[in-house]
Amino acid sequence: MSSIRVKFIRGEEVKFISHLDLMKMYERALRRSGIPIAYSQGFNPHPQMIFGLPLSVGVTSESEYADFKLEGDMEPGEFEQRLNSSLPEGVRIVDAAVKNTGSNIMASVAGASYEILSSTDNNADIGVLKDKLRQFLDKEEIYIDKEAKGKIKRINIRPMLYDIEMSIIEEVGLFQTATSDYSDIKRCKNPWLLRCVNAIKKEAELLKLSPPSMVLCFKMLLAAGSAANLKPEFVIKAFADYSGYGFDILKIHRSGLFTGDKEKLMDPLNGRVILSI
């Protein structure tokens, strides 16, 4: 037997399917492609494939990973090509490599990066927001209320929040900011987010609505995996409570998934160190 690890994307076309549906999709694609996938033993055998951190419904990603065990050897390039030919629009393998590590991808995930588009209050001032964000990150403890099994638990998320930055997004003059300091404004270059920005513009023009006065892009690096897992929505909520500003999330996109540990996050395919904290 051999094992192959792949990196794949999940686009707008499939952002509303569940993790279970994604697994069924891959199972059907494996059968159609004729790839000699290995099956588990027992009364109900299933393909031996393991996926990384499940993606929340409604979230897109350019950095998902999965491990596949095969009955025999196959070049990663051939595996990628044959499986892509049977996958639907919105799911595409972008890289593949022979898996040489003993642990599977689900057990190895240690961190994730996200980009979140959010609109905020009309009277928001970017200078004030940036000051509040710095103060927010300086806190030793940041608590949120999380519901689990019908009970509310108070959780300190600060150890799971590795880094966060914020900038104003302006696309073709659509969003007019309430501050005179335009030094922070950035054109939206990430194609995953640009589609969302353009959709907001078209909707505002079609319905003759006033677009949000300020659209922010939050970039976050968070703990992820079985040991500790922090969702970006909780960070936005915690920062809203701290800053006193309201934030309406327009889009969440996962830009990276990493193995290793908090001190040394690595690329799941080649083991190269991405970031040392």
# chains A, B, ... in the order shown; residues from 1 in each chain; ligands from 1
$ select_by_dssp --residues "region 55-268 of chain A" --states "alpha helix (DSSP H)" --output "ChimeraX atom specification"
/A:76-84,105-108,126-138,191-206,232-243
$ write_last_selection --atoms "C-alpha atoms" --output "tab-separated table (two decimals), in the first residue's frame"
chain	number	residue	atom	x	y	z
A	76	PRO	CA	0.99	11.91	-7.15
A	77	GLY	CA	0.63	13.72	-10.49
A	78	GLU	CA	-1.41	10.89	-12.00
A	79	PHE	CA	-3.55	10.67	-8.85
A	80	GLU	CA	-4.24	14.42	-9.02
A	81	GLN	CA	-5.12	14.35	-12.71
A	82	ARG	CA	-7.42	11.31	-12.54
A	83	LEU	CA	-9.28	12.48	-9.46
A	84	ASN	CA	-9.72	16.04	-10.78
A	105	ILE	CA	-3.76	14.98	8.49
A	106	MET	CA	-6.68	15.23	10.89
A	107	ALA	CA	-4.48	14.48	13.89
A	108	SER	CA	-1.68	16.75	12.65
A	126	ILE	CA	-9.94	53.27	11.32
A	127	GLY	CA	-7.39	54.93	13.60
A	128	VAL	CA	-9.52	54.26	16.66
A	129	LEU	CA	-10.21	50.70	15.51
A	130	LYS	CA	-6.52	49.95	15.04
A	131	ASP	CA	-5.72	51.31	18.51
A	132	LYS	CA	-8.45	49.14	20.00
A	133	LEU	CA	-7.16	46.11	18.10
A	134	ARG	CA	-3.66	46.62	19.53
A	135	GLN	CA	-5.12	46.92	23.03
A	136	PHE	CA	-7.24	43.83	22.36
A	137	LEU	CA	-4.14	41.80	21.46
A	138	ASP	CA	-2.30	43.10	24.53
A	191	PRO	CA	-9.68	36.67	-5.90
A	192	TRP	CA	-11.62	34.71	-3.28
A	193	LEU	CA	-12.60	37.96	-1.54
A	194	LEU	CA	-12.82	40.08	-4.69
A	195	ARG	CA	-15.79	38.04	-5.92
A	196	CYS	CA	-17.63	38.88	-2.72
A	197	VAL	CA	-16.73	42.58	-2.95
A	198	ASN	CA	-17.98	42.76	-6.54
A	199	ALA	CA	-21.21	40.96	-5.56
A	200	ILE	CA	-21.87	43.59	-2.89
A	201	LYS	CA	-21.31	46.32	-5.47
A	202	LYS	CA	-23.68	44.74	-8.00
A	203	GLU	CA	-26.39	44.19	-5.38
A	204	ALA	CA	-26.13	47.80	-4.19
A	205	GLU	CA	-26.39	49.08	-7.77
A	206	LEU	CA	-29.28	46.76	-8.67
A	232	PRO	CA	-12.89	33.27	13.45
A	233	GLU	CA	-16.49	34.23	14.20
A	234	PHE	CA	-15.71	34.05	17.92
A	235	VAL	CA	-12.76	36.41	17.49
A	236	ILE	CA	-14.89	38.96	15.61
A	237	LYS	CA	-17.56	38.74	18.31
A	238	ALA	CA	-15.00	39.17	21.10
A	239	PHE	CA	-13.43	42.19	19.37
A	240	ALA	CA	-16.87	43.72	18.78
A	241	ASP	CA	-17.69	43.39	22.48
A	242	TYR	CA	-14.35	44.92	23.43
A	243	SER	CA	-14.29	47.78	20.92
$ closest_residue --among "A:Gly42, A:Ile164, A:Arg254, A:Thr120" --to "Gly58 (chain A)" --atoms "only C-alpha atoms"
A:Arg254
$ atom_distance --atom1 "CA of His46 (chain A)" --atom2 "CA of Ile17 (chain A)"
20.4 Å
$ select_by_dssp --residues "region 48-234 of chain A" --states "strand (DSSP E)" --output "PyMOL selection string"
chain A and resi 49-51+60-70+91-98+109-120+143-148+151-156+161-168+215-223
$ residues_around --residues "Leu269 (chain A)" --least-positions-apart "6" --cutoff "12 Å" --atoms "only C-alpha atoms" --output "list of chain:residue names"
A:Ile4, A:Arg5, A:Val6, A:Lys7, A:Phe8, A:Ser63, A:Glu64, A:Tyr65, A:Ala66, A:Asp67, A:Pro76, A:Val94, A:Asp95, A:Ala96, A:Ala97, A:Val98, A:Lys99, A:Asn100, A:Thr101, A:Asn104, A:Ile105, A:Ser108, A:Val109, A:Leu257, A:Phe258, A:Thr259, A:Gly260
$ residues_around --residues "Pro47 (chain A)" --least-positions-apart "6" --cutoff "9 Å" --atoms "only C-alpha atoms" --output "JSON, numbers by chain"
{"A": [27, 30, 37, 38, 39, 40, 68, 69]}
$ write_last_selection --atoms "N, CA and C atoms" --output "compact mmCIF listing (two decimals), in the first residue's frame"
# COMPACT_ATOMS: atom_id res chain seq x y z
N GLU A 27 -15.82 10.00 -2.46
CA GLU A 27 -16.00 8.56 -2.62
C GLU A 27 -16.52 8.23 -4.02
N LEU A 30 -13.75 8.87 -6.60
CA LEU A 30 -12.74 7.80 -6.61
C LEU A 30 -13.22 6.60 -7.41
N ILE A 37 -8.20 2.75 -4.63
CA ILE A 37 -8.23 3.17 -3.23
C ILE A 37 -8.35 1.94 -2.33
N ALA A 38 -7.69 1.97 -1.20
CA ALA A 38 -7.79 0.88 -0.23
C ALA A 38 -9.08 1.04 0.58
N TYR A 39 -9.65 -0.08 0.99
CA TYR A 39 -10.88 -0.07 1.77
C TYR A 39 -10.63 -0.68 3.15
N SER A 40 -11.40 -0.21 4.12
CA SER A 40 -11.32 -0.76 5.46
C SER A 40 -11.92 -2.16 5.48
N PHE A 68 -5.03 9.81 1.36
CA PHE A 68 -5.66 8.67 0.69
C PHE A 68 -4.70 7.49 0.72
N LYS A 69 -5.20 6.32 1.14
CA LYS A 69 -4.40 5.10 1.14
C LYS A 69 -4.79 4.28 -0.09
$ closest_residue --among "A:Leu53, A:Val91, A:Leu250, A:Ile152" --to "Ala227 (chain A)" --atoms "only C-alpha atoms"
A:Leu53
$ residues_around --residues "Leu22 (chain A)" --least-positions-apart "5" --cutoff "12 Å" --atoms "only C-alpha atoms" --output "PyMOL selection string"
chain A and resi 8-10+14-17+27-29+49-52+54-57+64+66+87-88+90-91
$ write_last_selection --atoms "C-alpha atoms" --output "short mmCIF file (atom, residue, chain, number, x, y, z; two decimals), in the first residue's frame"
data_model
loop_
_atom_site.label_atom_id
_atom_site.label_comp_id
_atom_site.auth_asym_id
_atom_site.auth_seq_id
_atom_site.Cartn_x
_atom_site.Cartn_y
_atom_site.Cartn_z
CA PHE A 8 -7.45 21.06 -2.61
CA ILE A 9 -9.72 24.08 -2.85
CA ARG A 10 -13.39 24.50 -1.98
CA VAL A 14 -19.73 23.96 -2.92
CA LYS A 15 -19.46 26.20 0.14
CA PHE A 16 -22.88 25.17 1.44
CA ILE A 17 -22.32 21.39 1.44
CA GLU A 27 -16.00 8.56 -2.62
CA ARG A 28 -18.02 8.78 -5.83
CA ALA A 29 -15.17 10.55 -7.64
CA MET A 49 -9.37 8.61 3.20
CA ILE A 50 -8.96 11.14 5.99
CA PHE A 51 -9.62 14.86 5.71
CA GLY A 52 -8.13 17.72 7.67
CA PRO A 54 -13.71 20.20 8.60
CA LEU A 55 -14.76 23.47 7.02
CA SER A 56 -17.84 25.26 8.35
CA VAL A 57 -20.79 25.52 5.98
CA GLU A 64 -7.75 21.97 2.39
CA ALA A 66 -6.74 14.97 2.70
CA LEU A 87 -14.62 16.01 -9.21
CA PRO A 88 -17.38 18.64 -9.65
CA GLY A 90 -15.76 24.11 -6.99
CA VAL A 91 -13.54 21.28 -5.76
#
$ decode --residues "region 80-104 of chain A" --atoms "C-alpha atoms" --output "PDB file, in the first residue's frame"
ATOM      1  CA  GLU A  80      -4.241  14.419  -9.020  1.00  0.00           C
ATOM      2  CA  GLN A  81      -5.120  14.348 -12.714  1.00  0.00           C
ATOM      3  CA  ARG A  82      -7.416  11.311 -12.545  1.00  0.00           C
ATOM      4  CA  LEU A  83      -9.284  12.482  -9.459  1.00  0.00           C
ATOM      5  CA  ASN A  84      -9.721  16.041 -10.777  1.00  0.00           C
ATOM      6  CA  SER A  85     -11.347  14.647 -13.915  1.00  0.00           C
ATOM      7  CA  SER A  86     -14.131  13.185 -11.729  1.00  0.00           C
ATOM      8  CA  LEU A  87     -14.620  16.013  -9.210  1.00  0.00           C
ATOM      9  CA  PRO A  88     -17.377  18.641  -9.654  1.00  0.00           C
ATOM     10  CA  GLU A  89     -16.942  22.380 -10.123  1.00  0.00           C
ATOM     11  CA  GLY A  90     -15.763  24.112  -6.992  1.00  0.00           C
ATOM     12  CA  VAL A  91     -13.536  21.276  -5.756  1.00  0.00           C
ATOM     13  CA  ARG A  92     -10.088  20.991  -7.299  1.00  0.00           C
ATOM     14  CA  ILE A  93      -6.847  19.316  -6.215  1.00  0.00           C
ATOM     15  CA  VAL A  94      -4.007  21.797  -6.668  1.00  0.00           C
ATOM     16  CA  ASP A  95      -1.077  19.746  -5.321  1.00  0.00           C
ATOM     17  CA  ALA A  96      -0.255  16.198  -4.254  1.00  0.00           C
ATOM     18  CA  ALA A  97       2.685  14.362  -2.690  1.00  0.00           C
ATOM     19  CA  VAL A  98       3.575  10.958  -1.315  1.00  0.00           C
ATOM     20  CA  LYS A  99       2.708  10.893   2.386  1.00  0.00           C
ATOM     21  CA  ASN A 100       5.779   9.941   4.388  1.00  0.00           C
ATOM     22  CA  THR A 101       4.608  10.848   7.887  1.00  0.00           C
ATOM     23  CA  GLY A 102       3.025   8.372  10.272  1.00  0.00           C
ATOM     24  CA  SER A 103       0.238  10.600  11.577  1.00  0.00           C
ATOM     25  CA  ASN A 104      -2.809  11.451   9.491  1.00  0.00           C
TER      26      ASN A 104
END
